[in-house]
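Shown here: upload-v7.cif, mmCIF, C-alpha atoms.
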```cif
data_run
#
loop_
_atom_site.label_atom_id
_atom_site.label_comp_id
_atom_site.auth_asym_id
_atom_site.auth_seq_id
_atom_site.Cartn_x
_atom_site.Cartn_y
_atom_site.Cartn_z
CA MET A 1 29.25 0.02 -28.52
CA SER A 2 28.37 -3.39 -29.90
CA ALA A 3 25.17 -4.13 -31.78
CA LEU A 4 23.97 -6.22 -28.83
CA GLU A 5 24.55 -3.36 -26.41
CA GLU A 6 22.68 -0.98 -28.70
CA ILE A 7 19.71 -3.35 -28.85
CA THR A 8 19.79 -3.83 -25.07
CA ASN A 9 19.90 -0.07 -24.46
CA SER A 10 17.13 0.52 -26.96
CA ASN A 11 14.94 -2.13 -25.33
CA SER A 12 15.63 -0.68 -21.88
CA ALA A 13 14.68 2.80 -23.04
CA MET A 14 11.50 1.49 -24.63
CA LEU A 15 10.56 -0.39 -21.47
CA ALA A 16 11.18 2.70 -19.36
CA THR A 17 8.90 4.73 -21.63
CA ILE A 18 6.15 2.11 -21.38
CA GLN A 19 6.47 2.03 -17.59
CA GLN A 20 6.36 5.82 -17.31
CA LYS A 21 3.27 6.03 -19.50
CA ALA A 22 1.57 3.34 -17.41
CA ILE A 23 2.27 5.32 -14.22
CA GLU A 24 1.03 8.56 -15.80
CA LYS A 25 -2.18 6.87 -16.96
CA ALA A 26 -2.81 5.43 -13.51
CA ASN A 27 -2.14 8.77 -11.81
CA ARG A 28 -4.64 10.52 -14.07
CA GLN A 29 -7.43 8.40 -12.60
CA VAL A 30 -9.49 10.21 -9.99
CA ASN A 31 -10.70 6.86 -8.66
CA PRO A 32 -8.61 3.98 -10.01
CA MET A 33 -10.80 1.44 -8.20
CA VAL A 34 -14.14 2.58 -9.65
CA GLU A 35 -14.22 -0.18 -12.28
CA PHE A 36 -13.64 -2.95 -9.77
CA THR A 37 -17.06 -3.20 -8.14
CA ASP A 38 -16.15 -6.48 -6.43
CA PHE A 39 -13.88 -4.47 -4.13
CA LEU A 40 -16.44 -1.84 -3.13
CA LYS A 41 -18.08 -4.11 -0.56
CA TYR A 42 -16.77 -6.65 1.92
CA ASP A 43 -19.41 -8.94 3.40
CA GLN A 44 -17.46 -11.80 4.93
CA ASN A 45 -16.63 -13.19 8.36
CA GLY A 46 -19.26 -11.07 10.09
CA CYS A 47 -18.17 -7.85 8.37
CA GLU A 48 -20.52 -5.55 6.47
CA LEU A 49 -18.23 -2.93 4.98
CA ASP A 50 -18.22 -0.45 2.11
CA LEU A 51 -14.91 0.56 0.53
CA TYR A 52 -13.83 3.64 -1.38
CA CYS A 53 -10.65 4.93 -3.00
CA ARG A 54 -9.77 8.63 -2.86
CA LYS A 55 -6.85 10.98 -3.28
CA LYS A 56 -5.57 12.59 -0.11
CA VAL A 57 -6.95 15.96 -1.23
CA ASP A 58 -10.45 14.45 -1.27
CA MET A 59 -10.18 12.76 2.13
CA ASP A 60 -12.18 13.91 5.14
CA PRO A 61 -9.68 15.44 7.63
CA LYS A 62 -11.37 13.45 10.41
CA THR A 63 -10.61 10.22 8.56
CA LEU A 64 -6.96 11.24 8.17
CA LYS A 65 -6.76 11.89 11.92
CA TRP A 66 -8.32 8.47 12.54
CA ALA A 67 -5.77 6.89 10.18
CA PHE A 68 -2.92 8.37 12.21
CA LYS A 69 -4.43 7.23 15.52
CA LEU A 70 -4.92 3.73 14.15
CA ALA A 71 -1.31 3.54 12.97
CA GLU A 72 -0.21 4.80 16.39
CA ARG A 73 -2.18 2.05 18.14
CA ASN A 74 -1.24 -0.73 15.75
CA VAL A 75 2.46 -0.16 15.10
CA GLY A 76 3.50 2.63 17.48
CA PRO A 77 4.76 0.11 20.07
CA GLN A 78 6.80 -1.72 17.42
CA TYR A 79 8.38 1.53 16.25
CA LYS A 80 9.21 2.40 19.85
CA SER A 81 10.93 -0.95 20.39
CA CYS A 82 13.18 -0.68 17.32
CA SER A 83 15.88 1.75 16.21
CA LEU A 84 13.43 3.97 14.30
CA GLY A 85 11.45 5.07 17.32
CA TRP A 86 7.91 6.42 17.11
CA GLN A 87 7.96 9.87 15.48
CA PRO A 88 4.38 11.15 15.34
CA LYS A 89 5.10 14.32 13.35
CA ILE A 90 6.84 12.32 10.63
CA LYS A 91 4.01 9.78 10.50
CA GLN A 92 1.41 12.55 10.27
CA ALA A 93 3.38 14.23 7.48
CA ASP A 94 3.65 10.91 5.63
CA LEU A 95 -0.09 10.28 5.84
CA ASN A 96 -0.75 13.78 4.48
CA LYS A 97 1.51 13.60 1.42
CA ALA A 98 -0.13 15.38 -1.52
CA TRP A 99 0.38 12.33 -3.76
CA ALA A 100 -1.17 9.84 -1.34
CA ARG A 101 -4.17 7.71 -2.26
CA TYR A 102 -6.31 5.82 0.18
CA VAL A 103 -8.49 2.74 0.14
CA VAL A 104 -10.77 2.96 3.19
CA ALA A 105 -13.22 0.37 4.53
CA VAL A 106 -16.24 1.71 6.45
CA ASP A 107 -18.69 -0.24 8.59
CA ARG A 108 -22.06 -0.08 6.83
CA LYS A 109 -24.02 0.00 10.11
CA THR A 110 -21.95 2.20 12.39
CA LYS A 111 -20.40 4.35 9.60
CA LYS A 112 -17.08 4.07 11.42
CA PRO A 113 -13.90 3.35 9.41
CA ALA A 114 -12.55 -0.15 9.88
CA GLY A 115 -9.25 -0.14 8.00
CA TYR A 116 -7.23 1.61 5.32
CA SER A 117 -4.39 1.34 2.88
CA MET A 118 -2.30 4.32 1.77
CA PHE A 119 -0.56 3.87 -1.58
CA ARG A 120 0.70 5.47 -4.78
CA PHE A 121 1.54 4.56 -8.36
CA ASP A 122 5.26 5.21 -8.71
CA LEU A 123 8.57 4.42 -10.40
CA ASP A 124 10.70 2.49 -7.91
CA TYR A 125 14.26 1.60 -8.90
CA GLY A 126 13.23 1.71 -12.54
CA ARG A 127 10.12 -0.42 -11.98
CA SER A 128 6.49 0.66 -12.26
CA VAL A 129 4.86 -0.23 -8.95
CA VAL A 130 1.95 0.23 -6.62
CA TYR A 131 3.78 1.17 -3.43
CA CYS A 132 1.76 0.38 -0.31
CA TYR A 133 2.97 2.71 2.46
CA GLU A 134 0.38 1.78 5.09
CA MET A 135 -1.99 -1.12 5.66
CA GLN A 136 -3.84 -0.82 8.96
CA VAL A 137 -6.96 -2.59 10.23
CA ASP A 138 -8.78 -1.71 13.45
CA SER A 139 -8.50 -4.44 16.09
CA GLU A 140 -12.27 -5.09 15.92
CA TYR A 141 -11.91 -6.16 12.28
CA GLN A 142 -8.58 -7.95 12.37
CA ARG A 143 -8.24 -11.63 11.44
CA LYS A 144 -11.39 -11.43 9.33
CA GLY A 145 -9.73 -11.21 5.93
CA LEU A 146 -10.09 -7.46 5.48
CA GLY A 147 -6.37 -6.72 5.17
CA ALA A 148 -5.95 -9.42 2.53
CA PHE A 149 -9.00 -8.07 0.70
CA MET A 150 -7.62 -4.52 0.57
CA LEU A 151 -4.24 -5.81 -0.57
CA GLN A 152 -5.98 -7.79 -3.30
CA ALA A 153 -7.65 -4.55 -4.39
CA LEU A 154 -4.22 -2.93 -4.75
CA GLU A 155 -2.97 -5.93 -6.73
CA THR A 156 -5.99 -5.75 -9.04
CA MET A 157 -5.32 -2.07 -9.73
CA ALA A 158 -1.63 -2.79 -10.25
CA ARG A 159 -2.36 -5.42 -12.91
CA HIS A 160 -5.04 -3.34 -14.59
CA TYR A 161 -2.75 -0.33 -14.98
CA GLY A 162 0.27 -2.36 -16.02
CA MET A 163 2.40 -2.05 -12.89
CA GLU A 164 5.22 -4.58 -12.49
CA ARG A 165 5.00 -5.12 -8.74
CA VAL A 166 3.26 -4.24 -5.51
CA VAL A 167 5.90 -3.09 -3.03
CA LEU A 168 5.61 -2.44 0.71
CA THR A 169 7.69 -2.03 3.84
CA VAL A 170 7.24 -3.90 7.10
CA LEU A 171 9.08 -3.64 10.40
CA LYS A 172 11.21 -6.68 11.15
CA ASN A 173 9.78 -6.90 14.64
CA ASN A 174 6.25 -6.98 13.19
CA HIS A 175 6.22 -10.78 13.08
CA ASP A 176 2.48 -11.05 12.44
CA GLY A 177 2.80 -8.63 9.54
CA MET A 178 5.71 -10.54 8.05
CA ARG A 179 3.76 -13.80 8.23
CA PHE A 180 0.69 -12.12 6.76
CA TYR A 181 2.52 -10.81 3.70
CA LYS A 182 4.48 -13.99 3.12
CA LYS A 183 1.25 -16.00 3.24
CA LEU A 184 -0.10 -13.77 0.45
CA GLY A 185 2.92 -14.39 -1.77
CA TYR A 186 5.17 -11.47 -0.84
CA ASP A 187 8.90 -11.95 -0.42
CA VAL A 188 11.89 -9.80 0.48
CA ASP A 189 12.50 -7.44 -2.44
CA GLU A 190 15.87 -7.12 -4.14
CA THR A 191 15.96 -3.46 -3.04
CA SER A 192 15.57 -4.34 0.64
CA PRO A 193 18.53 -3.39 2.86
CA ASP A 194 21.15 -6.12 3.11
CA LYS A 195 20.38 -8.61 5.86
CA SER A 196 23.72 -7.84 7.46
CA ASP A 197 22.65 -4.20 7.95
CA MET A 198 20.98 -3.09 11.13
CA GLU A 199 17.89 -1.72 9.37
CA ALA A 200 14.67 -2.08 11.32
CA TYR A 201 12.54 -2.88 8.29
CA GLU A 202 12.28 -5.06 5.22
CA ILE A 203 11.05 -4.12 1.78
CA MET A 204 8.78 -6.81 0.40
CA SER A 205 7.15 -7.18 -3.01
CA LYS A 206 5.07 -9.38 -5.26
CA SER A 207 5.31 -9.57 -9.05
CA MET A 208 2.22 -8.64 -11.05
CA LEU A 209 3.62 -9.98 -14.33
#
```
Encoding of this model in structure tokens:
Amino acid sequence: MSALEEITNSNSAMLATIQQKAIEKANRQVNPMVEFTDFLKYDQNGCELDLYCRKKVDMDPKTLKWAFKLAERNVGPQYKSCSLGWQPKIKQADLNKAWARYVVAVDRKTKKPAGYSMFRFDLDYGRSVVYCYEMQVDSEYQRKGLGAFMLQALETMARHYGMERVVLTVLKNNHDGMRFYKKLGYDVDETSPDKSDMEAYEIMSKSML
């Protein structure tokens, strides 16, 4: 092994250690959003919402059921019209993963949830990331900036805890979703399935560096 290769390997190992420690630190936080008070309220475009961030274990079961129903309404038809199909048991299991964290927006007047993001701090292909698994907004609150606001909250946490990227998946037939993420600076990630493949989804990401 050449001296250059040794240096490269050493630097790679050091970077991996730094990334792993960053993920571990983030995952030790009970509420990683608590310091970012600007993201605990959303009072724009006719919305009066309070937001909170909790681990799945601390979520109200009724809210988890609502999250599933909202996903079913919002993207169920798109799943049904692509090769993946709508598989409710798998979606319910995904939303109830022990490692899941949620950002939830609640209407201050009606106390009803308005939207949510499900995410985790993780190592993805050797990169420290905030991986956004779900981003759903109730139809009553769509096109009012709430989705972008919640995504900005995830990006703020990602930067604060030293994550390299925010990563997410979106169905290819979800044209509104694709436009939404691209408008916010997301692009097809290098880990996304090759465009020649018949995959029904894209992996998109945005650098936090």
Evaluate the PyMOL selection byres ((chain A and resi 100-117) around 9) and record the selected residues as a short mmCIF file (atom, residue, chain, number, x, y, z; two decimals) with C-alpha atoms, in the frame of the given file, following the chain and residue labels used in the document.
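expr35.cif, written as the output of this step:
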```
data_model
loop_
_atom_site.label_atom_id
_atom_site.label_comp_id
_atom_site.auth_asym_id
_atom_site.auth_seq_id
_atom_site.Cartn_x
_atom_site.Cartn_y
_atom_site.Cartn_z
CA MET A 33 -10.80 1.44 -8.20
CA LEU A 40 -16.44 -1.84 -3.13
CA LYS A 41 -18.08 -4.11 -0.56
CA TYR A 42 -16.77 -6.65 1.92
CA CYS A 47 -18.17 -7.85 8.37
CA GLU A 48 -20.52 -5.55 6.47
CA LEU A 49 -18.23 -2.93 4.98
CA ASP A 50 -18.22 -0.45 2.11
CA LEU A 51 -14.91 0.56 0.53
CA TYR A 52 -13.83 3.64 -1.38
CA CYS A 53 -10.65 4.93 -3.00
CA ARG A 54 -9.77 8.63 -2.86
CA LYS A 55 -6.85 10.98 -3.28
CA LYS A 56 -5.57 12.59 -0.11
CA VAL A 57 -6.95 15.96 -1.23
CA MET A 59 -10.18 12.76 2.13
CA THR A 63 -10.61 10.22 8.56
CA TRP A 66 -8.32 8.47 12.54
CA ALA A 67 -5.77 6.89 10.18
CA LEU A 70 -4.92 3.73 14.15
CA ASP A 94 3.65 10.91 5.63
CA LEU A 95 -0.09 10.28 5.84
CA ASN A 96 -0.75 13.78 4.48
CA LYS A 97 1.51 13.60 1.42
CA ALA A 98 -0.13 15.38 -1.52
CA TRP A 99 0.38 12.33 -3.76
CA MET A 118 -2.30 4.32 1.77
CA PHE A 119 -0.56 3.87 -1.58
CA ARG A 120 0.70 5.47 -4.78
CA PHE A 121 1.54 4.56 -8.36
CA CYS A 132 1.76 0.38 -0.31
CA TYR A 133 2.97 2.71 2.46
CA GLU A 134 0.38 1.78 5.09
CA MET A 135 -1.99 -1.12 5.66
CA GLN A 136 -3.84 -0.82 8.96
CA VAL A 137 -6.96 -2.59 10.23
CA ASP A 138 -8.78 -1.71 13.45
CA SER A 139 -8.50 -4.44 16.09
CA GLU A 140 -12.27 -5.09 15.92
CA TYR A 141 -11.91 -6.16 12.28
CA GLN A 142 -8.58 -7.95 12.37
CA LEU A 146 -10.09 -7.46 5.48
CA GLY A 147 -6.37 -6.72 5.17
CA MET A 150 -7.62 -4.52 0.57
CA LEU A 151 -4.24 -5.81 -0.57
CA ALA A 153 -7.65 -4.55 -4.39
CA LEU A 154 -4.22 -2.93 -4.75
#
```
Problem set entry | Counting all atoms listed in the file, the residue of A:Met157, A:Ala71, A:Val166, A:Leu84 that sits nearest A:Thr37 | A:Met157
Problem set entry | Nearest candidate to A:Gly162 (options A:Glu35, A:Asp176, A:Glu72, A:Asp122; using only C-alpha atoms) | A:Asp122
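Applied to the shown file, the PyMOL selection byres ((chain A and resi 163) around 9) selects the residues A:Gln19, A:Ala22, A:Ile23, A:Phe121, A:Asp122, A:Arg127, A:Ser128, A:Val129, A:Val130, A:Met157, A:Ala158, A:Arg159, A:His160, A:Tyr161, A:Gly162, A:Glu164, A:Arg165, A:Val166, A:Ser207, A:Met208, A:Leu209.
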Taking C-alpha atoms for each residue, export the selection above as a compact mmCIF listing (two decimals), in the coordinates of the input.
```txt
# COMPACT_ATOMS: atom_id res chain seq x y z
CA GLN A 19 6.47 2.03 -17.59
CA ALA A 22 1.57 3.34 -17.41
CA ILE A 23 2.27 5.32 -14.22
CA PHE A 121 1.54 4.56 -8.36
CA ASP A 122 5.26 5.21 -8.71
CA ARG A 127 10.12 -0.42 -11.98
CA SER A 128 6.49 0.66 -12.26
CA VAL A 129 4.86 -0.23 -8.95
CA VAL A 130 1.95 0.23 -6.62
CA MET A 157 -5.32 -2.07 -9.73
CA ALA A 158 -1.63 -2.79 -10.25
CA ARG A 159 -2.36 -5.42 -12.91
CA HIS A 160 -5.04 -3.34 -14.59
CA TYR A 161 -2.75 -0.33 -14.98
CA GLY A 162 0.27 -2.36 -16.02
CA GLU A 164 5.22 -4.58 -12.49
CA ARG A 165 5.00 -5.12 -8.74
CA VAL A 166 3.26 -4.24 -5.51
CA SER A 207 5.31 -9.57 -9.05
CA MET A 208 2.22 -8.64 -11.05
CA LEU A 209 3.62 -9.98 -14.33
```
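The space between atom CA of A:Val170 and atom CA of A:Ala200 spans 8.7 Å.
The space between atom CA of A:Gly185 and atom CA of A:Leu123 spans 21.5 Å.
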Exercise. What lies within 10 Å of A:Pro88 using all atoms listed in the file, ignoring chain neighbours under 2 positions off, as a PyMOL selection string?
Worked result: chain A and resi 68-69+71-72+76+85-86+90-94
Can I get the selection written as a short mmCIF file (atom, residue, chain, number, x, y, z; two decimals), in the frame of the given file, with C-alpha atoms?
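part-v3.cif was written with the following content:
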```cif
data_model
loop_
_atom_site.label_atom_id
_atom_site.label_comp_id
_atom_site.auth_asym_id
_atom_site.auth_seq_id
_atom_site.Cartn_x
_atom_site.Cartn_y
_atom_site.Cartn_z
CA PHE A 68 -2.92 8.37 12.21
CA LYS A 69 -4.43 7.23 15.52
CA ALA A 71 -1.31 3.54 12.97
CA GLU A 72 -0.21 4.80 16.39
CA GLY A 76 3.50 2.63 17.48
CA GLY A 85 11.45 5.07 17.32
CA TRP A 86 7.91 6.42 17.11
CA ILE A 90 6.84 12.32 10.63
CA LYS A 91 4.01 9.78 10.50
CA GLN A 92 1.41 12.55 10.27
CA ALA A 93 3.38 14.23 7.48
CA ASP A 94 3.65 10.91 5.63
#
```
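The smallest atom-to-atom distance between A:Thr191 and any of A:Arg143, A:Tyr125, A:His175, A:Pro61, using all atoms listed in the file, is found for A:Tyr125.
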Exercise. Mind pulling up the distance from atom CA of A:Asp124 to atom CA of A:Lys21?
Worked result: 14.2 Å
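Matched in the shown structure by the PyMOL selection byres ((chain A and resi 168) around 6): Tyr131, Cys132, Val167, Thr169, Ile203 and Met204 of chain A.
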Saved selection, atoms kept: C-alpha atoms, as a PDB file, in the frame of the given file:
```pdb
ATOM      1  CA  TYR A 131       3.780   1.170  -3.430  1.00  0.00           C
ATOM      2  CA  CYS A 132       1.760   0.380  -0.310  1.00  0.00           C
ATOM      3  CA  VAL A 167       5.900  -3.090  -3.030  1.00  0.00           C
ATOM      4  CA  THR A 169       7.690  -2.030   3.840  1.00  0.00           C
ATOM      5  CA  ILE A 203      11.050  -4.120   1.780  1.00  0.00           C
ATOM      6  CA  MET A 204       8.780  -6.810   0.400  1.00  0.00           C
TER       7      MET A 204
END
```
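The residue that comes closest to A:Gly126, out of A:Gln152, A:Ser83, A:Asn173, A:Gln20 and on the basis of all atoms listed in the file, is A:Gln20.
Proximity of A:Lys144, A:Lys89, A:Lys172, A:Arg28 to A:Tyr201, computed with only C-alpha atoms, is greatest for A:Lys172.
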Test item: axis-aligned box, all listed atoms of stretch 122-134 of chain A, 6 Å on each side, centre and edges in Å rounded to one decimal, as JSON:
```
{"center_x": 7.3, "center_y": 2.4, "center_z": -3.7, "size_x": 25.9, "size_y": 17.6, "size_z": 29.6}
```
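Of the residues listed (A:Lys62, A:Ala16, A:Phe39, A:Gln29), A:Phe39 shows the shortest atom-to-atom separation from A:Thr156; distances use only C-alpha atoms.
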Kindly reconstruct stretch 27-44 of chain A with N, CA and C atoms and present the result as an mmCIF file, keeping the file's coordinate frame.
```cif
data_model
loop_
_atom_site.group_PDB
_atom_site.id
_atom_site.type_symbol
_atom_site.label_atom_id
_atom_site.label_comp_id
_atom_site.auth_asym_id
_atom_site.auth_seq_id
_atom_site.Cartn_x
_atom_site.Cartn_y
_atom_site.Cartn_z
ATOM 1 N N ASN A 27 -2.051 7.571 -12.650
ATOM 2 C CA ASN A 27 -2.140 8.770 -11.810
ATOM 3 C C ASN A 27 -3.164 9.773 -12.307
ATOM 4 N N ARG A 28 -3.591 9.631 -13.554
ATOM 5 C CA ARG A 28 -4.640 10.520 -14.070
ATOM 6 C C ARG A 28 -6.025 10.107 -13.571
ATOM 7 N N GLN A 29 -6.132 8.899 -13.050
ATOM 8 C CA GLN A 29 -7.430 8.400 -12.600
ATOM 9 C C GLN A 29 -7.814 9.046 -11.269
ATOM 10 N N VAL A 30 -8.997 9.650 -11.240
ATOM 11 C CA VAL A 30 -9.490 10.210 -9.990
ATOM 12 C C VAL A 30 -9.776 9.094 -8.994
ATOM 13 N N ASN A 31 -10.405 8.023 -9.488
ATOM 14 C CA ASN A 31 -10.700 6.860 -8.660
ATOM 15 C C ASN A 31 -10.306 5.604 -9.420
ATOM 16 N N PRO A 32 -9.080 5.133 -9.243
ATOM 17 C CA PRO A 32 -8.610 3.980 -10.010
ATOM 18 C C PRO A 32 -9.305 2.670 -9.671
ATOM 19 N N MET A 33 -10.122 2.669 -8.619
ATOM 20 C CA MET A 33 -10.800 1.440 -8.200
ATOM 21 C C MET A 33 -12.251 1.389 -8.667
ATOM 22 N N VAL A 34 -12.708 2.454 -9.332
ATOM 23 C CA VAL A 34 -14.140 2.580 -9.650
ATOM 24 C C VAL A 34 -14.649 1.431 -10.515
ATOM 25 N N GLU A 35 -13.794 0.893 -11.385
ATOM 26 C CA GLU A 35 -14.220 -0.180 -12.280
ATOM 27 C C GLU A 35 -14.336 -1.537 -11.589
ATOM 28 N N PHE A 36 -13.724 -1.657 -10.430
ATOM 29 C CA PHE A 36 -13.640 -2.950 -9.770
ATOM 30 C C PHE A 36 -14.693 -3.042 -8.661
ATOM 31 N N THR A 37 -15.938 -3.235 -9.078
ATOM 32 C CA THR A 37 -17.060 -3.200 -8.140
ATOM 33 C C THR A 37 -16.992 -4.311 -7.096
ATOM 34 N N ASP A 38 -16.284 -5.389 -7.407
ATOM 35 C CA ASP A 38 -16.150 -6.480 -6.430
ATOM 36 C C ASP A 38 -15.419 -6.036 -5.170
ATOM 37 N N PHE A 39 -14.666 -4.932 -5.271
ATOM 38 C CA PHE A 39 -13.880 -4.470 -4.130
ATOM 39 C C PHE A 39 -14.520 -3.276 -3.419
ATOM 40 N N LEU A 40 -15.756 -2.959 -3.768
ATOM 41 C CA LEU A 40 -16.440 -1.840 -3.130
ATOM 42 C C LEU A 40 -17.272 -2.272 -1.934
ATOM 43 N N LYS A 41 -17.378 -3.583 -1.731
ATOM 44 C CA LYS A 41 -18.080 -4.110 -0.560
ATOM 45 C C LYS A 41 -17.319 -5.321 -0.023
ATOM 46 N N TYR A 42 -17.370 -5.477 1.299
ATOM 47 C CA TYR A 42 -16.770 -6.650 1.920
ATOM 48 C C TYR A 42 -17.762 -7.197 2.925
ATOM 49 N N ASP A 43 -18.398 -8.310 2.558
ATOM 50 C CA ASP A 43 -19.410 -8.940 3.400
ATOM 51 C C ASP A 43 -18.995 -10.369 3.716
ATOM 52 N N GLN A 44 -17.972 -10.494 4.550
ATOM 53 C CA GLN A 44 -17.460 -11.800 4.930
ATOM 54 C C GLN A 44 -17.077 -11.807 6.400
#
```
